[in-house]
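*Asks:* My structure is stored as work.pdb, with PDB, C-alpha atoms.
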ATOM      1  CA  MET A 686     197.886  77.828   1.338
ATOM      2  CA  LYS A 687     195.426  80.568   0.445
ATOM      3  CA  LYS A 688     192.890  78.008  -0.770
ATOM      4  CA  PHE A 689     193.388  76.007   2.397
ATOM      5  CA  LYS A 690     192.601  79.054   4.570
ATOM      6  CA  ILE A 691     189.470  79.806   2.544
ATOM      7  CA  SER A 692     188.294  76.201   3.014
ATOM      8  CA  ILE A 693     188.811  76.422   6.781
ATOM      9  CA  LEU A 694     186.840  79.704   6.884
ATOM     10  CA  MET A 695     183.929  78.166   4.959
ATOM     11  CA  LEU A 696     183.794  75.213   7.360
ATOM     12  CA  LEU A 697     183.720  77.512  10.400
ATOM     13  CA  ILE A 698     180.883  79.620   8.923
ATOM     14  CA  GLY A 699     178.890  76.492   8.052
ATOM     15  CA  GLY A 700     179.344  75.037  11.549
ATOM     16  CA  ALA A 701     178.245  78.274  13.154
ATOM     17  CA  CYS A 702     175.090  78.350  11.015
ATOM     18  CA  PHE A 703     174.292  74.698  11.853
ATOM     19  CA  ALA A 704     174.802  75.362  15.602
ATOM     20  CA  GLN A 705     172.511  78.428  15.444
ATOM     21  CA  GLN A 706     169.801  76.421  13.643
ATOM     22  CA  THR A 707     170.017  73.640  16.244
ATOM     23  CA  THR A 708     169.730  76.093  19.141
ATOM     24  CA  THR A 709     166.678  77.772  17.629
ATOM     25  CA  THR A 710     164.910  74.479  17.082
ATOM     26  CA  THR A 711     165.554  73.405  20.666
ATOM     27  CA  THR A 712     164.184  76.687  22.057
ATOM     28  CA  THR A 713     161.016  76.393  19.958
ATOM     29  CA  THR A 714     160.377  72.859  21.198
ATOM     30  CA  THR A 715     160.860  73.959  24.797
ATOM     31  CA  ASN A 716     158.416  76.852  24.412
ATOM     32  CA  SER A 717     155.724  74.627  22.908
ATOM     33  CA  GLY A 718     156.160  72.215  25.821
ATOM     34  CA  GLU A 719     155.742  75.068  28.311
ATOM     35  CA  GLN A 720     152.528  76.192  26.600
ATOM     36  CA  SER A 721     150.939  72.703  26.672
ATOM     37  CA  THR A 722     151.604  72.066  30.365
ATOM     38  CA  PRO A 723     149.094  74.643  31.765
ATOM     39  CA  ALA A 724     146.331  73.259  29.521
ATOM     40  CA  VAL A 725     146.737  69.795  31.047
ATOM     41  CA  ASN A 726     146.643  71.210  34.593
ATOM     42  CA  ASP A 727     143.477  73.243  33.870
ATOM     43  CA  ASN A 728     141.603  70.181  32.620
ATOM     44  CA  SER A 729     142.494  68.097  35.654
ATOM     45  CA  SER A 730     141.413  70.954  37.936
ATOM     46  CA  ASP A 731     138.025  71.164  36.208
ATOM     47  CA  ASN A 732     137.566  67.414  36.550
ATOM     48  CA  ASN A 733     138.311  67.578  40.274
ATOM     49  CA  ASN A 734     135.732  70.362  40.764
ATOM     50  CA  ASN A 735     133.028  68.520  38.837
ATOM     51  CA  SER A 736     133.548  65.291  40.777
ATOM     52  CA  GLY A 737     132.668  67.080  44.054
ATOM     53  CA  ASP A 738     129.164  68.124  42.948
ATOM     54  CA  CYS A 739     126.078  66.514  44.560
ATOM     55  CA  ALA A 740     122.314  67.017  44.578
ATOM     56  CA  GLN A 741     121.027  69.792  46.861
ATOM     57  CA  GLY A 742     117.323  68.915  47.074
ATOM     58  CA  TYR A 743     115.873  65.807  48.700
ATOM     59  CA  ILE A 744     112.488  64.230  49.442
ATOM     60  CA  GLY A 745     111.500  61.219  51.533
ATOM     61  CA  ILE A 746     109.144  59.349  53.868
ATOM     62  CA  ARG A 747     109.509  58.638  57.565
ATOM     63  CA  PHE A 748     107.975  56.490  60.330
ATOM     64  CA  LEU A 749     108.199  57.595  63.978
ATOM     65  CA  PRO A 750     107.348  55.355  66.986
ATOM     66  CA  THR A 751     106.342  57.964  69.582
ATOM     67  CA  LEU A 752     105.951  58.329  73.375
ATOM     68  CA  THR A 753     103.787  61.155  74.744
ATOM     69  CA  SER A 754     103.755  63.019  78.050
ATOM     70  CA  LEU A 755     100.727  65.107  79.141
ATOM     71  CA  ASN A 756      99.906  67.006  82.331
ATOM     72  CA  LEU A 757      96.793  65.401  83.889
ATOM     73  CA  ASN A 758      94.703  66.044  87.001
ATOM     74  CA  ASP A 759      91.878  64.206  88.735
ATOM     75  CA  GLN A 760      88.577  65.650  89.919
ATOM     76  CA  GLY A 761      90.154  66.644  93.237
ATOM     77  CA  ASN A 762      93.228  68.201  91.591
ATOM     78  CA  GLY A 763      95.301  65.349  92.989
ATOM     79  CA  THR A 764      98.231  63.457  91.506
ATOM     80  CA  VAL A 765      97.480  61.118  88.600
ATOM     81  CA  LYS A 766      99.564  58.013  87.964
ATOM     82  CA  THR A 767     100.475  57.938  84.269
ATOM     83  CA  THR A 768     102.039  55.344  81.996
ATOM     84  CA  PHE A 769     103.734  55.821  78.627
ATOM     85  CA  VAL A 770     101.982  54.267  75.626
ATOM     86  CA  LEU A 771     103.648  53.765  72.274
ATOM     87  CA  GLY A 772     102.001  55.816  69.554
ATOM     88  CA  TYR A 773     103.269  56.592  66.076
ATOM     89  CA  GLY A 774     103.814  59.210  63.422
ATOM     90  CA  ILE A 775     104.075  58.835  59.659
ATOM     91  CA  GLY A 776     104.596  61.299  56.835
ATOM     92  CA  GLY A 777     106.928  62.878  54.336
ATOM     93  CA  TYR A 778     109.595  65.552  54.183
ATOM     94  CA  LEU A 779     111.147  67.899  51.637
ATOM     95  CA  GLY A 780     114.480  69.658  52.069
ATOM     96  CA  TYR A 781     117.176  71.747  50.438
ATOM     97  CA  ASN A 782     120.881  72.004  51.325
ATOM     98  CA  PHE A 783     122.511  75.401  50.757
ATOM     99  CA  ASN A 784     125.877  73.663  51.049
ATOM    100  CA  ARG A 785     127.233  70.453  52.584
ATOM    101  CA  ASN A 786     126.704  71.705  56.146
ATOM    102  CA  VAL A 787     123.545  73.857  56.264
ATOM    103  CA  GLY A 788     120.036  73.276  54.928
ATOM    104  CA  VAL A 789     116.307  73.635  55.620
ATOM    105  CA  GLN A 790     113.667  70.906  55.877
ATOM    106  CA  GLY A 791     109.870  70.923  55.978
ATOM    107  CA  GLU A 792     107.700  67.962  57.021
ATOM    108  CA  VAL A 793     104.033  66.959  57.092
ATOM    109  CA  LEU A 794     103.329  64.227  59.677
ATOM    110  CA  TYR A 795     100.225  62.501  60.957
ATOM    111  CA  SER A 796     100.717  61.725  64.664
ATOM    112  CA  SER A 797      98.619  59.394  66.821
ATOM    113  CA  LEU A 798      99.470  60.115  70.472
ATOM    114  CA  SER A 799      98.407  58.069  73.518
ATOM    115  CA  GLN A 800      98.891  58.044  77.270
ATOM    116  CA  LYS A 801      97.428  55.803  79.991
ATOM    117  CA  TYR A 802      96.530  56.980  83.466
ATOM    118  CA  GLU A 803      94.977  55.550  86.635
ATOM    119  CA  ILE A 804      92.535  57.190  89.057
ATOM    120  CA  ASN A 805      90.835  55.270  91.892
ATOM    121  CA  ASN A 806      92.194  52.006  90.439
ATOM    122  CA  VAL A 807      90.415  52.697  87.138
ATOM    123  CA  HIS A 808      92.626  52.510  84.041
ATOM    124  CA  GLN A 809      91.892  54.967  81.270
ATOM    125  CA  ARG A 810      93.565  55.989  78.054
ATOM    126  CA  ILE A 811      93.811  59.363  76.320
ATOM    127  CA  GLU A 812      94.163  59.452  72.547
ATOM    128  CA  LEU A 813      95.047  62.547  70.511
ATOM    129  CA  SER A 814      95.678  62.893  66.793
ATOM    130  CA  TYR A 815      97.462  65.754  65.043
ATOM    131  CA  ILE A 816      98.677  66.878  61.668
ATOM    132  CA  ASN A 817     102.121  68.285  62.537
ATOM    133  CA  ILE A 818     104.084  70.601  60.262
ATOM    134  CA  PRO A 819     107.666  71.259  61.465
ATOM    135  CA  LEU A 820     109.959  73.706  59.659
ATOM    136  CA  LEU A 821     113.558  72.917  60.590
ATOM    137  CA  LEU A 822     117.087  74.215  60.217
ATOM    138  CA  SER A 823     119.458  71.290  59.583
ATOM    139  CA  LEU A 824     123.169  71.241  60.411
ATOM    140  CA  ASN A 825     125.204  68.457  58.759
ATOM    141  CA  THR A 826     128.718  67.081  58.962
ATOM    142  CA  ASN A 827     128.656  66.361  55.197
ATOM    143  CA  SER A 828     125.339  65.996  53.376
ATOM    144  CA  CYS A 829     127.173  64.595  50.300
ATOM    145  CA  GLY A 830     129.220  61.997  52.181
ATOM    146  CA  PRO A 831     128.527  58.272  52.613
ATOM    147  CA  VAL A 832     127.683  58.900  56.299
ATOM    148  CA  ASN A 833     126.174  62.181  57.507
ATOM    149  CA  LEU A 834     125.465  63.233  61.096
ATOM    150  CA  ASN A 835     122.816  65.927  61.458
ATOM    151  CA  LEU A 836     121.068  68.143  64.004
ATOM    152  CA  VAL A 837     117.680  69.817  63.436
ATOM    153  CA  VAL A 838     115.839  72.578  65.325
ATOM    154  CA  GLY A 839     112.807  74.686  64.564
ATOM    155  CA  PRO A 840     109.120  75.463  65.202
ATOM    156  CA  GLN A 841     106.286  72.975  64.708
ATOM    157  CA  LEU A 842     102.651  73.798  63.996
ATOM    158  CA  GLY A 843     100.093  71.206  65.150
ATOM    159  CA  ILE A 844      96.479  70.874  63.957
ATOM    160  CA  ASN A 845      94.280  68.713  66.194
ATOM    161  CA  THR A 846      92.145  66.179  64.300
ATOM    162  CA  GLY A 847      90.654  64.216  67.211
ATOM    163  CA  SER A 848      90.674  63.463  70.958
ATOM    164  CA  SER A 849      89.063  60.864  73.235
ATOM    165  CA  VAL A 850      89.185  59.198  76.651
ATOM    166  CA  LYS A 851      88.598  55.451  76.898
ATOM    167  CA  THR A 852      88.160  53.302  80.005
ATOM    168  CA  GLU A 853      90.214  50.111  79.898
ATOM    169  CA  GLY A 854      89.091  48.464  83.150
ATOM    170  CA  GLY A 855      90.480  48.149  86.635
ATOM    171  CA  GLU A 856      89.455  47.073  90.107
ATOM    172  CA  GLY A 857      87.932  50.353  91.220
ATOM    173  CA  THR A 858      84.997  52.497  90.179
ATOM    174  CA  ASP A 859      84.843  56.071  89.028
ATOM    175  CA  THR A 860      81.520  57.865  89.506
ATOM    176  CA  VAL A 861      82.845  61.042  87.899
ATOM    177  CA  GLN A 862      83.444  61.081  84.148
ATOM    178  CA  ALA A 863      86.663  62.477  82.679
ATOM    179  CA  VAL A 864      86.147  64.916  79.819
ATOM    180  CA  ILE A 865      88.836  65.858  77.312
ATOM    181  CA  ALA A 866      88.646  69.093  75.352
ATOM    182  CA  VAL A 867      91.571  70.218  73.193
ATOM    183  CA  ARG A 868      92.261  73.471  71.402
ATOM    184  CA  PRO A 869      92.299  73.182  67.602
ATOM    185  CA  GLY A 870      95.898  74.304  67.227
ATOM    186  CA  ASP A 871      99.253  73.851  68.941
ATOM    187  CA  LEU A 872     102.716  75.330  68.580
ATOM    188  CA  GLY A 873     105.848  73.549  69.670
ATOM    189  CA  PHE A 874     109.624  73.527  69.480
ATOM    190  CA  ALA A 875     111.039  70.547  67.574
ATOM    191  CA  TYR A 876     114.596  69.256  67.958
ATOM    192  CA  GLY A 877     116.494  66.127  67.062
ATOM    193  CA  ALA A 878     119.567  64.338  65.788
ATOM    194  CA  GLY A 879     120.125  61.615  63.238
ATOM    195  CA  ILE A 880     122.489  59.790  60.954
ATOM    196  CA  ASP A 881     122.091  59.217  57.212
ATOM    197  CA  PHE A 882     123.654  56.313  55.330
ATOM    198  CA  ARG A 883     124.000  56.674  51.567
ATOM    199  CA  LEU A 884     122.747  53.482  49.883
ATOM    200  CA  GLY A 885     123.388  54.593  46.310
ATOM    201  CA  THR A 886     124.013  57.662  44.200
ATOM    202  CA  ASN A 887     120.776  59.401  45.266
ATOM    203  CA  VAL A 888     119.174  57.140  47.926
ATOM    204  CA  SER A 889     119.829  57.293  51.678
ATOM    205  CA  LEU A 890     118.570  55.577  54.845
ATOM    206  CA  GLY A 891     118.044  57.782  57.884
ATOM    207  CA  ILE A 892     117.595  56.881  61.548
ATOM    208  CA  GLY A 893     117.482  59.158  64.568
ATOM    209  CA  PHE A 894     115.625  60.877  67.413
ATOM    210  CA  ARG A 895     112.994  63.610  67.340
ATOM    211  CA  GLY A 896     111.569  65.473  70.332
ATOM    212  CA  VAL A 897     108.877  68.142  70.529
ATOM    213  CA  TYR A 898     108.083  70.437  73.448
ATOM    214  CA  GLY A 899     104.660  72.092  73.291
ATOM    215  CA  LEU A 900     104.720  75.833  73.908
ATOM    216  CA  LEU A 901     100.949  76.292  74.290
ATOM    217  CA  ASP A 902      98.404  74.982  76.766
ATOM    218  CA  ILE A 903      96.229  72.664  74.653
ATOM    219  CA  SER A 904      93.455  72.235  77.245
ATOM    220  CA  ASN A 905      90.117  73.874  76.431
ATOM    221  CA  HIS A 906      87.681  74.594  79.265
ATOM    222  CA  SER A 907      85.239  76.682  77.266
ATOM    223  CA  ASN A 908      82.443  74.087  77.408
ATOM    224  CA  THR A 909      80.228  73.683  80.462
ATOM    225  CA  THR A 910      80.581  70.455  82.466
ATOM    226  CA  THR A 911      78.054  68.782  84.742
ATOM    227  CA  THR A 912      78.562  67.921  88.399
ATOM    228  CA  ASN A 913      79.728  64.382  87.517
ATOM    229  CA  GLN A 914      82.270  65.512  84.927
ATOM    230  CA  TYR A 915      85.723  67.051  85.103
ATOM    231  CA  TYR A 916      88.434  68.081  82.649
ATOM    232  CA  ILE A 917      91.284  65.590  82.606
ATOM    233  CA  LEU A 918      93.618  68.066  80.877
ATOM    234  CA  ASP A 919      94.543  71.152  82.848
ATOM    235  CA  ARG A 920      97.317  73.523  81.789
ATOM    236  CA  SER A 921      98.738  70.701  79.692
ATOM    237  CA  HIS A 922     101.556  70.926  77.158
ATOM    238  CA  VAL A 923     102.216  68.131  74.676
ATOM    239  CA  LYS A 924     105.699  66.628  74.951
ATOM    240  CA  THR A 925     106.708  63.833  72.594
ATOM    241  CA  TYR A 926     109.819  61.687  72.214
ATOM    242  CA  ALA A 927     110.199  59.643  69.031
ATOM    243  CA  GLY A 928     112.675  57.555  67.145
ATOM    244  CA  TYR A 929     112.473  57.509  63.374
ATOM    245  CA  ILE A 930     113.489  55.550  60.312
ATOM    246  CA  GLY A 931     113.049  56.711  56.743
ATOM    247  CA  LEU A 932     114.198  56.673  53.130
ATOM    248  CA  GLY A 933     115.232  59.770  51.197
ATOM    249  CA  VAL A 934     115.945  60.492  47.525
ATOM    250  CA  ALA A 935     118.199  63.376  46.423
ATOM    251  CA  PHE A 936     117.461  65.371  43.262
TER     252      PHE A 936
END
Would you mind giving the structure from this file in structure tokens?

*Replies:*
Amino acid sequence: MKKFKISILMLLIGGACFAQQTTTTTTTTTNSGEQSTPAVNDNSSDNNNNSGDCAQGYIGIRFLPTLTSLNLNDQGNGTVKTTFVLGYGIGGYLGYNFNRNVGVQGEVLYSSLSQKYEINNVHQRIELSYINIPLLLSLNTNSCGPVNLNLVVGPQLGINTGSSVKTEGGEGTDTVQAVIAVRPGDLGFAYGAGIDFRLGTNVSLGIGFRGVYGLLDISNHSNTTTTNQYYILDRSHVKTYAGYIGLGVAF
């Protein structure tokens, strides 16, 4: 009986030791699992952050069919009948986005501006050419998205590179010659809206509208005219309305 009790005691001690060893092993496995879980979550978080990155700088070219409005007067300071003529602008732009919604953009554009007018049944045409340099603030819905709506506003500096008046015919006669004289520089307020379509990873197609309102009187009356001449421009501000299409590359 004594030996039987000793055997029972040894079995109980052995079972207790085995149960303790099993519990310890299970706890260790659980702890190692808890330590590995945060590492997996951190990696996936980093991957999600990296996938949202996009280029902030961009460069491109643009073509702008343009309509021009000028203030004209005849030799008797009467009303002049004017007609819009389609001109054009062409050039390049360079920009930088601070984030997906706000950026800045600079442009250099050559603009050929035209307007027809009629006095005494004589049809004439004014032609002006400028190098325009707008500096714009751009507001975007999402500059990194597949489709981006944008608004731009800012000042524009204009440098005059030429001006002329040409007679294109008509039924009447004009014994007094129109003279055009333009100041060398202009300052305007540029504004517009557009939409960009992403064609690939870094290439986009942009279309939109661009308007400019001249802030300065471009007419120059410093030269002396003869009795059969008059200045066609008088207190005139350049106003242009253009559509545009262009290609841009992000970097």

*Asks:* With all atoms listed in the file as the atoms that count, which of A:Ser799, A:Ser814, A:Thr768, A:Gln841 lies nearest to Gly899 in chain A?

*Replies:*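 For Gly899 in chain A, the nearest of the candidates is A:Gln841.
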
*Asks:* May I ask which of the residues A:Gly877, A:Val765, A:Ser849, A:Phe894 is the closest one to Ile804 in chain A, counting all atoms listed in the file?

*Replies:* A:Val765

*Asks:* Specify as an MDAnalysis selection string each residue included when the PyMOL selection byres ((chain A and resi 825-838) around 6) is applied to this file.

*Replies:* chainID A and resid 785:786 821:824 839 875:883

*Asks:* Neighbourhood query: residues within 10 Å of (87.2, 69.1, 80.8), file coordinates, counting only C-alpha atoms; return as a ChimeraX atom specification.

*Replies:* /A:760,862-867,904-911,914-919

*Asks:* Can you work out the spacing between CA of Lys924 in chain A and CA of Gly780 in chain A in Å, to one decimal?

*Replies:*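 Value for the CA of Lys924 in chain A-CA of Gly780 in chain A distance: 24.7 Å.
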
*Asks:* Return the single residue from A:Leu900, A:Val787, A:Val850, A:Ile930 that is closest to Pro750 in chain A, with distances computed using all atoms listed in the file.

*Replies:*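 Selected residue with least distance to Pro750 in chain A: A:Ile930.
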
*Asks:* What residues come out when you apply the PyMOL selection byres ((chain A and resi 923) around 9) to this file, written as number ranges by chain?

*Replies:* A: 753-756, 871, 873, 897-903, 921-922, 924-925

*Asks:* Name all residues at most 7 Å from Val793 in chain A (count all atoms listed in the file; drop same-chain ones fewer than 4 positions away) and give them as a PyMOL selection string.

*Replies:* chain A and resi 776-778+817-818

*Asks:* Create the file for the chosen residues now, containing C-alpha atoms and written as a PDB file, in the frame of the given file.

*Replies:*
ATOM      1  CA  GLY A 776     104.596  61.299  56.835  1.00  0.00           C
ATOM      2  CA  GLY A 777     106.928  62.878  54.336  1.00  0.00           C
ATOM      3  CA  TYR A 778     109.595  65.552  54.183  1.00  0.00           C
ATOM      4  CA  ASN A 817     102.121  68.285  62.537  1.00  0.00           C
ATOM      5  CA  ILE A 818     104.084  70.601  60.262  1.00  0.00           C
TER       6      ILE A 818
END

*Asks:* Which is closer to Gly933 in chain A than all the others in A:Arg810, A:Arg868, A:Arg747, A:Lys851, using all atoms listed in the file?

*Replies:*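 Using all atoms listed in the file, the shortest distance to Gly933 in chain A belongs to A:Arg747.
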
*Asks:* Quick one: distance from CA of Ile844 in chain A to CA of Leu779 in chain A in Å, one decimal?

*Replies:*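 Computing it gives 19.4 Å between the two atoms.
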
*Asks:* Would you compute the distance between CA of Lys766 in chain A and CA of Val807 in chain A? Give it in Å to one decimal.

*Replies:*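 According to the coordinates, CA of Lys766 in chain A and CA of Val807 in chain A are separated by 10.6 Å.
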
*Asks:* Find the spatial neighbours of Ile746 in chain A, counting only C-alpha atoms, within a cut-off of 12 Å - ignore same-chain residues fewer than 2 positions away - and output them as a VMD selection string.

*Replies:* chain A and resid 743 to 744 748 to 749 774 to 780 791 to 795 888 to 892 929 to 934
